[in-house]
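Source file: data30.cif (mmCIF, C-alpha atoms (C1' of nucleotides))
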```
data_work
loop_
_atom_site.label_atom_id
_atom_site.label_comp_id
_atom_site.auth_asym_id
_atom_site.auth_seq_id
_atom_site.Cartn_x
_atom_site.Cartn_y
_atom_site.Cartn_z
CA MET K 1 0.00 0.00 0.00
CA LEU K 2 1.19 3.50 -0.84
CA ALA K 3 0.58 6.71 1.13
CA ASP K 4 2.00 9.93 -0.34
CA ASP K 5 0.32 13.27 -0.85
CA GLN K 6 1.93 13.96 -4.23
CA ALA K 7 -0.15 12.07 -6.76
CA LEU K 8 2.59 12.06 -9.37
CA VAL K 9 5.16 10.56 -7.02
CA ARG K 10 2.60 8.08 -5.71
CA GLY K 11 1.76 6.89 -9.19
CA ALA K 12 5.42 6.75 -10.17
CA LEU K 13 6.28 4.64 -7.14
CA ALA K 14 3.41 2.32 -8.02
CA ALA K 15 4.84 1.92 -11.51
CA LEU K 16 8.28 1.26 -10.06
CA LEU K 17 7.03 -1.45 -7.70
CA ALA K 18 4.82 -2.97 -10.38
CA LEU K 19 7.98 -3.90 -12.25
CA GLU K 20 8.72 -6.45 -9.55
CA PRO K 21 6.80 -9.68 -10.16
CA ASP K 22 6.56 -10.54 -6.47
CA LEU K 23 5.15 -7.17 -5.40
CA GLU K 24 1.67 -5.78 -5.90
CA VAL K 25 0.21 -2.39 -4.99
CA VAL K 26 -3.25 -3.02 -3.55
CA ALA K 27 -4.14 0.52 -2.44
CA GLU K 28 -3.07 4.16 -2.77
CA VAL K 29 -3.99 7.08 -0.52
CA GLY K 30 -3.03 10.75 -0.49
CA ARG K 31 -3.90 11.73 3.07
CA GLY K 32 -2.70 10.58 6.48
CA ASP K 33 -6.16 9.99 7.84
CA GLU K 34 -7.02 7.66 4.96
CA VAL K 35 -4.24 5.22 5.85
CA VAL K 36 -6.05 3.17 8.48
CA PRO K 37 -9.39 2.81 6.61
CA ALA K 38 -7.63 1.80 3.39
CA ALA K 39 -5.40 -0.66 5.22
CA ALA K 40 -8.40 -2.17 7.01
CA GLN K 41 -10.10 -2.73 3.68
CA HIS K 42 -7.21 -4.05 1.61
CA ARG K 43 -5.03 -5.67 4.29
CA PRO K 44 -1.60 -4.97 2.76
CA ASP K 45 1.52 -6.78 3.99
CA VAL K 46 3.54 -3.57 3.85
CA ALA K 47 2.54 0.11 3.96
CA LEU K 48 4.85 2.71 2.41
CA ILE K 49 4.10 5.97 4.22
CA ASP K 50 5.39 9.46 3.53
CA VAL K 51 5.98 11.75 6.53
CA GLU K 52 4.65 14.95 4.98
CA MET K 53 0.92 14.53 4.43
CA PRO K 54 -2.24 16.54 4.93
CA GLY K 55 -4.90 15.40 7.38
CA MET K 56 -2.52 13.40 9.53
CA ASP K 57 1.23 13.27 9.95
CA GLY K 58 2.91 10.15 8.54
CA ILE K 59 4.30 9.38 12.00
CA GLU K 60 0.87 9.70 13.56
CA ALA K 61 -0.60 7.58 10.77
CA THR K 62 1.98 4.91 11.52
CA ARG K 63 1.07 4.92 15.18
CA ALA K 64 -2.63 4.65 14.35
CA LEU K 65 -2.03 1.89 11.82
CA LYS K 66 0.07 -0.12 14.26
CA ALA K 67 -2.66 0.22 16.87
CA ALA K 68 -5.42 -0.87 14.49
CA LEU K 69 -3.59 -3.54 12.48
CA PRO K 70 -0.41 -4.56 14.31
CA GLY K 71 0.49 -7.15 11.68
CA THR K 72 1.03 -4.53 8.98
CA ARG K 73 4.69 -3.68 8.37
CA VAL K 74 5.45 0.01 7.90
CA LEU K 75 8.20 1.49 5.72
CA ILE K 76 8.56 5.24 6.05
CA VAL K 77 9.64 7.02 2.86
CA THR K 78 10.42 10.68 3.26
CA THR K 79 11.97 13.64 1.49
CA PHE K 80 13.79 15.13 4.43
CA GLY K 81 16.40 13.27 6.42
CA ARG K 82 15.52 14.92 9.70
CA PRO K 83 17.26 12.93 12.47
CA GLY K 84 14.27 13.42 14.76
CA PHE K 85 11.93 11.92 12.17
CA LEU K 86 13.79 8.62 12.21
CA ARG K 87 13.68 8.41 15.97
CA ARG K 88 10.01 9.25 16.17
CA ALA K 89 9.14 6.92 13.30
CA MET K 90 10.82 3.98 15.01
CA GLN K 91 9.13 4.82 18.31
CA ALA K 92 5.81 4.89 16.47
CA GLY K 93 6.45 1.32 15.41
CA ALA K 94 7.83 1.61 11.87
CA GLU K 95 9.98 -1.27 10.63
CA GLY K 96 11.92 0.74 8.04
CA PHE K 97 12.97 4.26 7.12
CA VAL K 98 14.36 5.36 3.75
CA VAL K 99 14.88 8.83 2.29
CA LYS K 100 13.94 9.71 -1.27
CA ASP K 101 17.62 10.18 -2.10
CA THR K 102 18.23 6.43 -2.10
CA PRO K 103 18.59 4.71 -5.49
CA ALA K 104 15.35 3.45 -6.98
CA ARG K 105 16.63 -0.10 -7.33
CA GLN K 106 16.90 -0.45 -3.57
CA LEU K 107 13.27 0.32 -2.85
CA ALA K 108 11.91 -3.08 -3.83
CA ASP K 109 14.57 -4.75 -1.69
CA ALA K 110 13.65 -2.56 1.25
CA VAL K 111 10.01 -3.56 0.85
CA ARG K 112 10.92 -7.25 0.76
CA ARG K 113 13.10 -6.99 3.84
CA VAL K 114 10.47 -5.12 5.79
CA SER K 115 7.88 -7.63 4.64
CA SER K 116 9.96 -10.47 6.05
CA GLY K 117 10.20 -8.75 9.40
CA LEU K 118 13.66 -7.20 9.08
CA ARG K 119 14.42 -3.60 9.90
CA VAL K 120 15.63 -1.26 7.17
CA VAL K 121 17.31 1.99 8.13
CA ASP K 122 19.38 4.42 6.11
CA PRO K 123 22.87 4.06 7.65
CA VAL K 124 23.88 7.70 7.12
CA LEU K 125 20.72 8.91 8.76
CA ALA K 126 21.09 6.46 11.64
CA ALA K 127 24.51 7.94 12.41
CA ASP K 128 23.12 11.47 12.26
CA SER K 129 20.34 10.46 14.57
CA LEU K 130 22.82 9.23 17.12
CA VAL K 131 24.97 12.36 17.14
CA ALA K 132 22.02 14.72 17.02
CA GLY K 133 20.34 12.94 19.88
CA GLU K 134 16.91 13.63 21.20
CA SER K 135 15.37 17.03 21.33
CA PRO K 136 16.77 19.08 24.21
CA LEU K 137 13.58 21.12 24.31
CA THR K 138 10.92 20.62 26.95
CA PRO K 139 7.37 19.98 25.64
CA ARG K 140 6.31 23.51 26.39
CA GLU K 141 9.33 25.06 24.72
CA THR K 142 8.53 22.99 21.66
CA ASP K 143 4.96 24.29 21.63
CA VAL K 144 6.07 27.89 21.91
CA LEU K 145 8.77 27.53 19.28
CA ARG K 146 6.35 25.88 16.87
CA ALA K 147 3.87 28.71 17.45
CA ALA K 148 6.67 31.16 16.69
CA SER K 149 7.71 29.39 13.51
CA ASP K 150 5.38 31.40 11.25
CA GLY K 151 6.75 34.74 12.45
CA SER K 152 4.12 35.48 15.07
CA SER K 153 4.86 38.09 17.71
CA VAL K 154 5.18 37.30 21.40
CA ALA K 155 1.72 38.75 22.02
CA THR K 156 0.14 36.51 19.36
CA ILE K 157 1.83 33.40 20.73
CA ALA K 158 0.79 34.29 24.26
CA GLY K 159 -2.80 34.68 23.09
CA ALA K 160 -2.80 31.41 21.19
CA LEU K 161 -1.33 29.35 24.03
CA PHE K 162 -3.07 31.21 26.87
CA LEU K 163 0.21 32.23 28.43
CA SER K 164 1.61 35.49 29.74
CA GLU K 165 3.98 37.35 27.44
CA GLY K 166 6.74 37.01 29.97
CA THR K 167 6.41 33.24 30.02
CA VAL K 168 6.51 33.08 26.25
CA ARG K 169 9.66 35.17 26.26
CA ASN K 170 11.21 32.89 28.86
CA HIS K 171 10.45 29.73 26.89
CA LEU K 172 11.78 31.30 23.73
CA SER K 173 14.90 32.49 25.48
CA SER K 174 15.46 28.99 26.85
CA ALA K 175 14.94 27.44 23.42
CA ILE K 176 17.37 29.91 21.88
CA GLY K 177 19.95 29.01 24.48
CA LYS K 178 19.52 25.26 24.06
CA THR K 179 19.75 25.37 20.28
CA GLY K 180 22.78 27.63 20.37
CA ALA K 181 20.96 30.13 18.18
CA ALA K 182 21.28 33.90 18.26
CA ASN K 183 17.59 34.67 17.96
CA ARG K 184 14.14 33.24 17.52
CA ALA K 185 14.23 32.72 13.77
CA GLU K 186 17.51 30.83 13.91
CA ALA K 187 16.23 28.67 16.76
CA VAL K 188 13.20 27.76 14.65
CA ARG K 189 15.42 26.86 11.72
CA ILE K 190 17.73 24.68 13.83
CA ALA K 191 14.91 22.90 15.61
CA ASP K 192 13.12 22.30 12.33
CA THR K 193 16.11 20.81 10.50
CA ASN K 194 16.59 18.43 13.42
CA GLY K 195 12.97 17.36 13.36
CA TRP K 196 12.28 18.66 16.85
CA LEU K 197 9.12 20.49 15.91
CA MET V 1 15.55 13.06 -20.13
CA LEU V 2 14.95 13.31 -16.38
CA ALA V 3 16.47 15.81 -13.93
CA ASP V 4 15.51 15.45 -10.27
CA ASP V 5 17.71 15.40 -7.21
CA GLN V 6 15.78 12.67 -5.41
CA ALA V 7 17.04 9.40 -6.85
CA LEU V 8 13.99 7.46 -5.78
CA VAL V 9 11.56 9.85 -7.44
CA ARG V 10 13.74 10.02 -10.53
CA GLY V 11 13.78 6.25 -10.87
CA ALA V 12 10.08 6.01 -10.20
CA LEU V 13 9.29 8.59 -12.88
CA ALA V 14 11.49 6.64 -15.26
CA ALA V 15 9.50 3.50 -14.51
CA LEU V 16 6.26 5.39 -15.03
CA LEU V 17 7.29 6.76 -18.41
CA ALA V 18 8.74 3.42 -19.47
CA LEU V 19 5.20 2.03 -19.39
CA GLU V 20 4.39 4.16 -22.43
CA PRO V 21 5.53 2.44 -25.62
CA ASP V 22 6.16 5.71 -27.47
CA LEU V 23 8.34 7.23 -24.76
CA GLU V 24 11.91 6.43 -23.81
CA VAL V 25 14.12 7.79 -21.05
CA VAL V 26 17.57 8.33 -22.55
CA ALA V 27 19.29 10.04 -19.62
CA GLU V 28 18.91 10.78 -15.90
CA VAL V 29 20.73 13.42 -13.85
CA GLY V 30 20.52 14.50 -10.24
CA ARG V 31 22.11 17.95 -10.37
CA GLY V 32 21.22 21.14 -12.20
CA ASP V 33 24.68 21.63 -13.61
CA GLU V 34 24.61 18.19 -15.21
CA VAL V 35 21.58 19.01 -17.36
CA VAL V 36 23.32 20.68 -20.28
CA PRO V 37 26.20 18.17 -20.61
CA ALA V 38 23.82 15.21 -20.46
CA ALA V 39 21.45 16.81 -22.97
CA ALA V 40 24.33 17.57 -25.32
CA GLN V 41 25.38 13.94 -25.24
CA HIS V 42 21.98 12.22 -25.50
CA ARG V 43 19.97 14.82 -27.43
CA PRO V 44 16.55 14.20 -25.84
CA ASP V 45 13.36 15.56 -27.41
CA VAL V 46 12.01 16.58 -24.00
CA ALA V 47 13.70 17.35 -20.69
CA LEU V 48 11.74 16.94 -17.46
CA ILE V 49 13.38 19.27 -14.95
CA ASP V 50 12.72 19.70 -11.25
CA VAL V 51 13.05 23.19 -9.78
CA GLU V 52 14.75 22.22 -6.51
CA MET V 53 18.18 20.85 -7.36
CA PRO V 54 21.71 21.17 -6.02
CA GLY V 55 24.43 22.71 -8.17
CA MET V 56 22.05 24.77 -10.27
CA ASP V 57 18.47 25.88 -9.94
CA GLY V 58 16.02 24.14 -12.31
CA ILE V 59 15.05 27.53 -13.74
CA GLU V 60 18.67 28.41 -14.37
CA ALA V 61 19.26 24.97 -15.87
CA THR V 62 16.33 25.56 -18.22
CA ARG V 63 17.79 28.88 -19.33
CA ALA V 64 21.19 27.27 -19.90
CA LEU V 65 19.68 24.34 -21.78
CA LYS V 66 17.62 26.61 -24.02
CA ALA V 67 20.72 28.64 -24.81
CA ALA V 68 22.83 25.58 -25.64
CA LEU V 69 20.24 23.41 -27.38
CA PRO V 70 17.23 25.53 -28.36
CA GLY V 71 15.45 22.59 -29.97
CA THR V 72 15.03 20.74 -26.68
CA ARG V 73 11.54 21.09 -25.15
CA VAL V 74 11.46 21.65 -21.40
CA LEU V 75 8.77 20.46 -19.01
CA ILE V 76 9.20 21.73 -15.44
CA VAL V 77 8.03 19.33 -12.74
CA THR V 78 8.03 20.72 -9.25
CA THR V 79 6.85 20.02 -5.74
CA PHE V 80 5.81 23.53 -4.82
CA GLY V 81 3.22 25.50 -6.73
CA ARG V 82 4.89 28.84 -6.16
CA PRO V 83 3.26 31.34 -8.54
CA GLY V 84 6.59 33.06 -9.12
CA PHE V 85 8.18 29.79 -10.20
CA LEU V 86 5.73 29.41 -13.07
CA ARG V 87 6.39 32.93 -14.29
CA ARG V 88 10.13 32.58 -14.11
CA ALA V 89 10.07 29.14 -15.69
CA MET V 90 8.13 30.42 -18.69
CA GLN V 91 10.44 33.41 -19.02
CA ALA V 92 13.37 31.01 -18.97
CA GLY V 93 11.89 29.29 -22.00
CA ALA V 94 10.06 26.27 -20.56
CA GLU V 95 7.23 24.83 -22.64
CA GLY V 96 5.36 23.23 -19.76
CA PHE V 97 4.89 23.37 -16.01
CA VAL V 98 3.25 20.70 -13.84
CA VAL V 99 3.21 20.22 -10.07
CA LYS V 100 3.76 16.86 -8.44
CA ASP V 101 0.17 16.88 -7.22
CA THR V 102 -1.17 16.13 -10.69
CA PRO V 103 -2.36 12.57 -11.37
CA ALA V 104 0.31 10.21 -12.67
CA ARG V 105 -1.68 9.30 -15.77
CA GLN V 106 -1.46 12.85 -17.07
CA LEU V 107 2.32 13.01 -17.07
CA ALA V 108 2.83 11.03 -20.24
CA ASP V 109 0.25 13.18 -22.02
CA ALA V 110 2.01 16.31 -20.84
CA VAL V 111 5.28 14.99 -22.22
CA ARG V 112 3.66 14.23 -25.58
CA ARG V 113 2.07 17.64 -25.83
CA VAL V 114 5.28 19.41 -24.95
CA SER V 115 7.11 17.21 -27.43
CA SER V 116 4.77 18.29 -30.20
CA GLY V 117 5.38 21.94 -29.41
CA LEU V 118 2.28 22.68 -27.35
CA ARG V 119 2.37 24.46 -24.04
CA VAL V 120 1.24 22.65 -20.89
CA VAL V 121 0.40 24.65 -17.80
CA ASP V 122 -1.46 23.72 -14.64
CA PRO V 123 -4.67 25.80 -14.86
CA VAL V 124 -5.02 26.36 -11.11
CA LEU V 125 -1.46 27.55 -10.86
CA ALA V 126 -1.84 29.79 -13.91
CA ALA V 127 -4.75 31.56 -12.21
CA ASP V 128 -2.75 31.96 -9.00
CA SER V 129 0.12 33.36 -10.99
CA LEU V 130 -2.13 35.99 -12.50
CA VAL V 131 -3.60 37.18 -9.22
CA ALA V 132 -0.30 37.03 -7.36
CA GLY V 133 1.44 39.03 -10.04
CA GLU V 134 5.11 39.76 -10.24
CA SER V 135 7.25 40.39 -7.22
CA PRO V 136 6.74 43.91 -5.85
CA LEU V 137 10.22 43.84 -4.35
CA THR V 138 13.14 45.69 -5.88
CA PRO V 139 16.26 43.61 -6.60
CA ARG V 140 18.03 44.95 -3.56
CA GLU V 141 15.09 44.35 -1.26
CA THR V 142 15.03 40.78 -2.52
CA ASP V 143 18.73 40.38 -1.74
CA VAL V 144 18.32 41.70 1.77
CA LEU V 145 15.24 39.61 2.47
CA ARG V 146 16.95 36.49 1.20
CA ALA V 147 19.94 37.23 3.43
CA ALA V 148 17.53 37.60 6.35
CA SER V 149 15.76 34.33 5.62
CA ASP V 150 18.04 32.23 7.82
CA GLY V 151 17.49 34.41 10.86
CA SER V 152 20.56 36.60 10.53
CA SER V 153 20.65 39.86 12.44
CA VAL V 154 20.76 43.26 10.77
CA ALA V 155 24.46 43.54 11.56
CA THR V 156 25.22 40.19 9.91
CA ILE V 157 23.25 41.06 6.80
CA ALA V 158 24.93 44.45 6.59
CA GLY V 159 28.32 42.76 6.80
CA ALA V 160 27.47 40.16 4.19
CA LEU V 161 26.11 42.66 1.65
CA PHE V 162 28.55 45.49 2.47
CA LEU V 163 25.77 47.84 3.47
CA SER V 164 25.18 50.12 6.41
CA GLU V 165 22.86 48.80 9.10
CA GLY V 166 20.46 51.65 8.48
CA THR V 167 20.15 50.73 4.82
CA VAL V 168 19.45 47.13 5.68
CA ARG V 169 16.75 48.22 8.07
CA ASN V 170 15.24 50.47 5.44
CA HIS V 171 15.15 47.72 2.83
CA LEU V 172 13.64 45.32 5.31
CA SER V 173 11.07 47.85 6.39
CA SER V 174 10.13 48.44 2.78
CA ALA V 175 9.83 44.72 2.11
CA ILE V 176 7.68 44.27 5.20
CA GLY V 177 5.41 47.04 4.00
CA LYS V 178 5.11 45.70 0.47
CA THR V 179 4.34 42.15 1.58
CA GLY V 180 1.81 43.33 4.14
CA ALA V 181 3.67 41.47 6.85
CA ALA V 182 4.03 42.46 10.49
CA ASN V 183 7.70 41.65 10.81
CA ARG V 184 10.76 40.27 9.10
CA ALA V 185 10.03 36.58 9.58
CA GLU V 186 6.54 36.87 8.18
CA ALA V 187 7.81 38.85 5.20
CA VAL V 188 10.28 36.08 4.48
CA ARG V 189 7.53 33.49 4.67
CA ILE V 190 5.20 35.42 2.35
CA ALA V 191 7.89 36.18 -0.19
CA ASP V 192 9.02 32.57 -0.16
CA THR V 193 5.59 31.05 -0.69
CA ASN V 194 5.12 33.38 -3.65
CA GLY V 195 8.44 32.39 -5.17
CA TRP V 196 9.87 35.89 -4.93
CA LEU V 197 13.13 34.82 -3.35
"C1'" DC Q 1 16.91 69.25 -19.02
"C1'" DG Q 2 13.85 68.20 -15.54
"C1'" DT Q 3 11.49 64.25 -13.36
"C1'" DG Q 4 11.11 59.99 -11.28
"C1'" DC Q 5 13.01 55.97 -9.16
"C1'" DG Q 6 16.12 52.97 -6.89
"C1'" DA Q 7 20.18 52.50 -3.99
"C1'" DC Q 8 22.50 54.26 -0.19
"C1'" DC Q 9 23.32 56.85 3.91
"C1'" DT Q 10 22.37 59.42 8.58
"C1'" DG Q 11 19.97 60.21 12.86
"C1'" DA Q 12 16.31 59.70 15.96
"C1'" DC Q 13 12.50 57.44 17.97
"C1'" DA Q 14 8.95 53.89 19.78
"C1'" DA Q 15 8.15 49.14 19.99
"C1'" DA Q 16 9.46 44.48 20.24
"C1'" DT Q 17 12.75 41.21 21.68
"C1'" DG Q 18 16.06 38.67 24.58
"C1'" DT Q 19 18.04 38.23 29.18
"C1'" DC Q 20 18.19 37.96 34.05
"C1'" DA Q 21 16.75 37.44 38.79
"C1'" DC Q 22 13.24 36.32 41.43
"C1'" DG Q 23 9.22 33.69 43.07
"C1'" DG Q 24 5.21 29.96 43.40
"C1'" DC Q 25 3.03 25.51 42.09
"C1'" DC Q 26 3.19 20.68 41.29
"C1'" DA Q 27 4.79 15.75 40.12
"C1'" DG Q 28 8.69 12.60 40.41
"C1'" DG Q 29 11.97 10.28 42.81
"C1'" DT Q 30 15.52 9.47 47.19
"C1'" DA A 1 10.41 14.97 54.28
"C1'" DC A 2 13.28 16.60 50.97
"C1'" DC A 3 15.12 17.75 46.54
"C1'" DT A 4 14.86 18.27 41.68
"C1'" DG A 5 13.03 19.88 37.49
"C1'" DG A 6 9.35 21.38 34.51
"C1'" DC A 7 5.99 24.95 34.13
"C1'" DC A 8 4.10 29.51 34.94
"C1'" DG A 9 4.40 34.12 36.31
"C1'" DT A 10 6.43 39.12 37.50
"C1'" DG A 11 9.42 43.00 36.91
"C1'" DA A 12 13.39 45.29 35.19
"C1'" DC A 13 16.88 45.96 31.89
"C1'" DA A 14 19.87 46.33 27.53
"C1'" DT A 15 19.64 45.31 22.88
"C1'" DT A 16 17.49 44.80 18.57
"C1'" DT A 17 14.09 45.90 15.38
"C1'" DG A 18 10.91 48.64 12.69
"C1'" DT A 19 9.62 53.29 11.32
"C1'" DC A 20 10.14 57.90 9.84
"C1'" DA A 21 12.18 62.10 7.99
"C1'" DG A 22 15.52 63.79 5.92
"C1'" DG A 23 19.55 63.89 2.18
"C1'" DT A 24 23.08 62.48 -1.95
"C1'" DC A 25 24.07 59.97 -6.11
"C1'" DG A 26 23.41 57.74 -10.57
"C1'" DC A 27 20.47 56.40 -14.32
"C1'" DA A 28 16.61 56.06 -17.58
"C1'" DC A 29 12.89 58.40 -19.99
"C1'" DG A 30 10.01 61.82 -22.20
#
```

Would you give me this structure, written as structure tokens?
Amino acid sequence: MLADDQALVRGALAALLALEPDLEVVAEVGRGDEVVPAAAQHRPDVALIDVEMPGMDGIEATRALKAALPGTRVLIVTTFGRPGFLRRAMQAGAEGFVVKDTPARQLADAVRRVSSGLRVVDPVLAADSLVAGESPLTPRETDVLRAASDGSSVATIAGALFLSEGTVRNHLSSAIGKTGAANRAEAVRIADTNGWL
Amino acid sequence: MLADDQALVRGALAALLALEPDLEVVAEVGRGDEVVPAAAQHRPDVALIDVEMPGMDGIEATRALKAALPGTRVLIVTTFGRPGFLRRAMQAGAEGFVVKDTPARQLADAVRRVSSGLRVVDPVLAADSLVAGESPLTPRETDVLRAASDGSSVATIAGALFLSEGTVRNHLSSAIGKTGAANRAEAVRIADTNGWL
DNA sequence: CGTGCGACCTGACAAATGTCACGGCCAGGT
DNA sequence: ACCTGGCCGTGACATTTGTCAGGTCGCACG
């Protein structure tokens, strides 16, 4: 089963996998919240899930799928090699994780390995994930930083999260310190590239 | 010919197009600066080019390709439907422009139409491009805003562009006004989503 | 030859931002 | 019972940012 929001990529991946005689694409969806219903109907052995999707995050979709149909193997396929994504995907129960930079020939192999119960992880990304470590941000700091990521002012963030402006400033200051950034915008950028948001 | 930095997507698109008996993929590249050399060697009828690529922008690659081999038709395939991208792609000489959201079945048709000299443009995006219009930013304002996009301070930007801090502030203020934003970060976001950077 | 426009600069000002020191509340472990 | 750490808040402070009003210079256009 394929889950990717970009129809062209989804169809192209289907064509790629259809070349393999032992693989068959039984369902395709373009939204995260369609993953579980489609899987329940078609009962795929393996689900290829993109991280970036409307409706529901690919990580969340994986968690939901594993809860509903634990037998389904999940292979995450994503554009961005955010270290945090890998960690969260594995914690959500995914068996494999490949980035879209990997050669096309290896995809079918990855599907077969995942299908047979093995784990498939991009070695470069695994190393990055180890050095980058977990997010140093507390839950609340993450919330505030995410709210700040679109350029909102302190007052706007405070209003949205029902906090005082001083508290928002404190959380932001703490996040800036932990990320080693010089200001809010840089902290957002750093946290985002590490997959901490 | 295919040009896309993500190997998996590139291979998948190749598989998709290989299903069509009248189409053949003669070359694949993963960097913008490899487009012209590969085209010169394999002489494709149509080049599918992604906008986001390392080495050289897809738009720039299109311009270079059109200058070197004017007979080659160019079909831009991109993830993001930035209105400005469409405009710039057409000005660079591209015959077609499709986003990766379009259904996979339509890709082969788009390639055929472009190959026969017709223009192919996503209608939704074309409408957006008309309402969004050209960038209201002056060249210098664009430079400054791009330099600010990673969260740099005024002092850093001034140093990088050899400007006084006051001038940087003035350009930023002007850009904020023109984009209708409330601050620098929002101006960056707006300009970026419109493809003005 | 004036007129307009963009780039660049200065200086000054209000507002927003980032930092610091302080405190209280609560859940967890020792 | 005690300590720790996350979370929330206050108040004060220096710095940065955004705005405004002025001015010079070069260039294109009618």

Given the file above and the PyMOL selection byres ((chain A and resi 13-21) around 12), which residues are selected, and can you give them as a PDB file with C-alpha atoms (C1' of nucleotides), in the coordinates of the input?
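Okay, part.pdb is ready:
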```
ATOM      1  CA  ALA K 182      21.280  33.900  18.260  1.00  0.00           C
ATOM      2  CA  ASN K 183      17.590  34.670  17.960  1.00  0.00           C
TER       3      ASN K 183
ATOM      4  CA  SER V 152      20.560  36.600  10.530  1.00  0.00           C
ATOM      5  CA  SER V 153      20.650  39.860  12.440  1.00  0.00           C
ATOM      6  CA  VAL V 154      20.760  43.260  10.770  1.00  0.00           C
ATOM      7  CA  ALA V 155      24.460  43.540  11.560  1.00  0.00           C
ATOM      8  CA  GLU V 165      22.860  48.800   9.100  1.00  0.00           C
ATOM      9  CA  GLY V 166      20.460  51.650   8.480  1.00  0.00           C
ATOM     10  CA  VAL V 168      19.450  47.130   5.680  1.00  0.00           C
ATOM     11  CA  ARG V 169      16.750  48.220   8.070  1.00  0.00           C
ATOM     12  CA  ASN V 170      15.240  50.470   5.440  1.00  0.00           C
ATOM     13  CA  HIS V 171      15.150  47.720   2.830  1.00  0.00           C
ATOM     14  CA  LEU V 172      13.640  45.320   5.310  1.00  0.00           C
ATOM     15  CA  SER V 173      11.070  47.850   6.390  1.00  0.00           C
ATOM     16  CA  SER V 174      10.130  48.440   2.780  1.00  0.00           C
ATOM     17  CA  ALA V 175       9.830  44.720   2.110  1.00  0.00           C
ATOM     18  CA  ILE V 176       7.680  44.270   5.200  1.00  0.00           C
ATOM     19  CA  GLY V 177       5.410  47.040   4.000  1.00  0.00           C
ATOM     20  CA  ALA V 181       3.670  41.470   6.850  1.00  0.00           C
ATOM     21  CA  ALA V 182       4.030  42.460  10.490  1.00  0.00           C
ATOM     22  CA  ASN V 183       7.700  41.650  10.810  1.00  0.00           C
ATOM     23  CA  ARG V 184      10.760  40.270   9.100  1.00  0.00           C
ATOM     24  CA  ALA V 185      10.030  36.580   9.580  1.00  0.00           C
TER      25      ALA V 185
ATOM     26  C1'  DT Q  10      22.370  59.420   8.580  1.00  0.00           C
ATOM     27  C1'  DG Q  11      19.970  60.210  12.860  1.00  0.00           C
ATOM     28  C1'  DA Q  12      16.310  59.700  15.960  1.00  0.00           C
ATOM     29  C1'  DC Q  13      12.500  57.440  17.970  1.00  0.00           C
ATOM     30  C1'  DA Q  14       8.950  53.890  19.780  1.00  0.00           C
ATOM     31  C1'  DA Q  15       8.150  49.140  19.990  1.00  0.00           C
ATOM     32  C1'  DA Q  16       9.460  44.480  20.240  1.00  0.00           C
ATOM     33  C1'  DT Q  17      12.750  41.210  21.680  1.00  0.00           C
ATOM     34  C1'  DG Q  18      16.060  38.670  24.580  1.00  0.00           C
ATOM     35  C1'  DT Q  19      18.040  38.230  29.180  1.00  0.00           C
ATOM     36  C1'  DC Q  20      18.190  37.960  34.050  1.00  0.00           C
ATOM     37  C1'  DA Q  21      16.750  37.440  38.790  1.00  0.00           C
TER      38       DA Q  21
ATOM     39  C1'  DG A  11       9.420  43.000  36.910  1.00  0.00           C
ATOM     40  C1'  DA A  12      13.390  45.290  35.190  1.00  0.00           C
ATOM     41  C1'  DG A  22      15.520  63.790   5.920  1.00  0.00           C
ATOM     42  C1'  DG A  23      19.550  63.890   2.180  1.00  0.00           C
TER      43       DG A  23
END
```

For this session: Identify, on the basis of all atoms listed in the file, every residue whose closest approach to segment 98-109 of chain K does not exceed 9 Å; exclude the query and any residue fewer than 3 positions from it along the same chain; express the result as an NGL selection string.
Result: (:K and (16-17 or 20 or 23 or 75-81 or 112-114 or 120-122 or 125)) or (:V and (5-12))

Problem set entry | Point-to-point distance in Å for atom CA of Glu34 of chain V and atom CA of Leu65 of chain V | 10.3 Å

For this session: Select all residues from chain V having any atom no more than 9 Å from an atom of chain Q (counting all atoms listed in the file, ignoring ligands), output as a PyMOL selection string.
Result: chain V and resi 138+140+163-164+166-167

Here's the selection I'm unsure about, the PyMOL selection byres ((chain K and resi 25) around 12); applied to the file above, which residues does it give, as a compact mmCIF listing (two decimals) with C-alpha atoms, in the coordinates of the input?
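For reference, result-v8.txt as written:
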```txt
# COMPACT_ATOMS: atom_id res chain seq x y z
CA MET K 1 0.00 0.00 0.00
CA LEU K 2 1.19 3.50 -0.84
CA ALA K 3 0.58 6.71 1.13
CA ARG K 10 2.60 8.08 -5.71
CA GLY K 11 1.76 6.89 -9.19
CA ALA K 12 5.42 6.75 -10.17
CA LEU K 13 6.28 4.64 -7.14
CA ALA K 14 3.41 2.32 -8.02
CA ALA K 15 4.84 1.92 -11.51
CA LEU K 16 8.28 1.26 -10.06
CA LEU K 17 7.03 -1.45 -7.70
CA ALA K 18 4.82 -2.97 -10.38
CA LEU K 19 7.98 -3.90 -12.25
CA GLU K 20 8.72 -6.45 -9.55
CA PRO K 21 6.80 -9.68 -10.16
CA ASP K 22 6.56 -10.54 -6.47
CA LEU K 23 5.15 -7.17 -5.40
CA GLU K 24 1.67 -5.78 -5.90
CA VAL K 26 -3.25 -3.02 -3.55
CA ALA K 27 -4.14 0.52 -2.44
CA GLU K 28 -3.07 4.16 -2.77
CA VAL K 29 -3.99 7.08 -0.52
CA ALA K 39 -5.40 -0.66 5.22
CA HIS K 42 -7.21 -4.05 1.61
CA ARG K 43 -5.03 -5.67 4.29
CA PRO K 44 -1.60 -4.97 2.76
CA ASP K 45 1.52 -6.78 3.99
CA VAL K 46 3.54 -3.57 3.85
CA ALA K 47 2.54 0.11 3.96
CA LEU K 48 4.85 2.71 2.41
CA ALA K 108 11.91 -3.08 -3.83
CA VAL K 111 10.01 -3.56 0.85
```
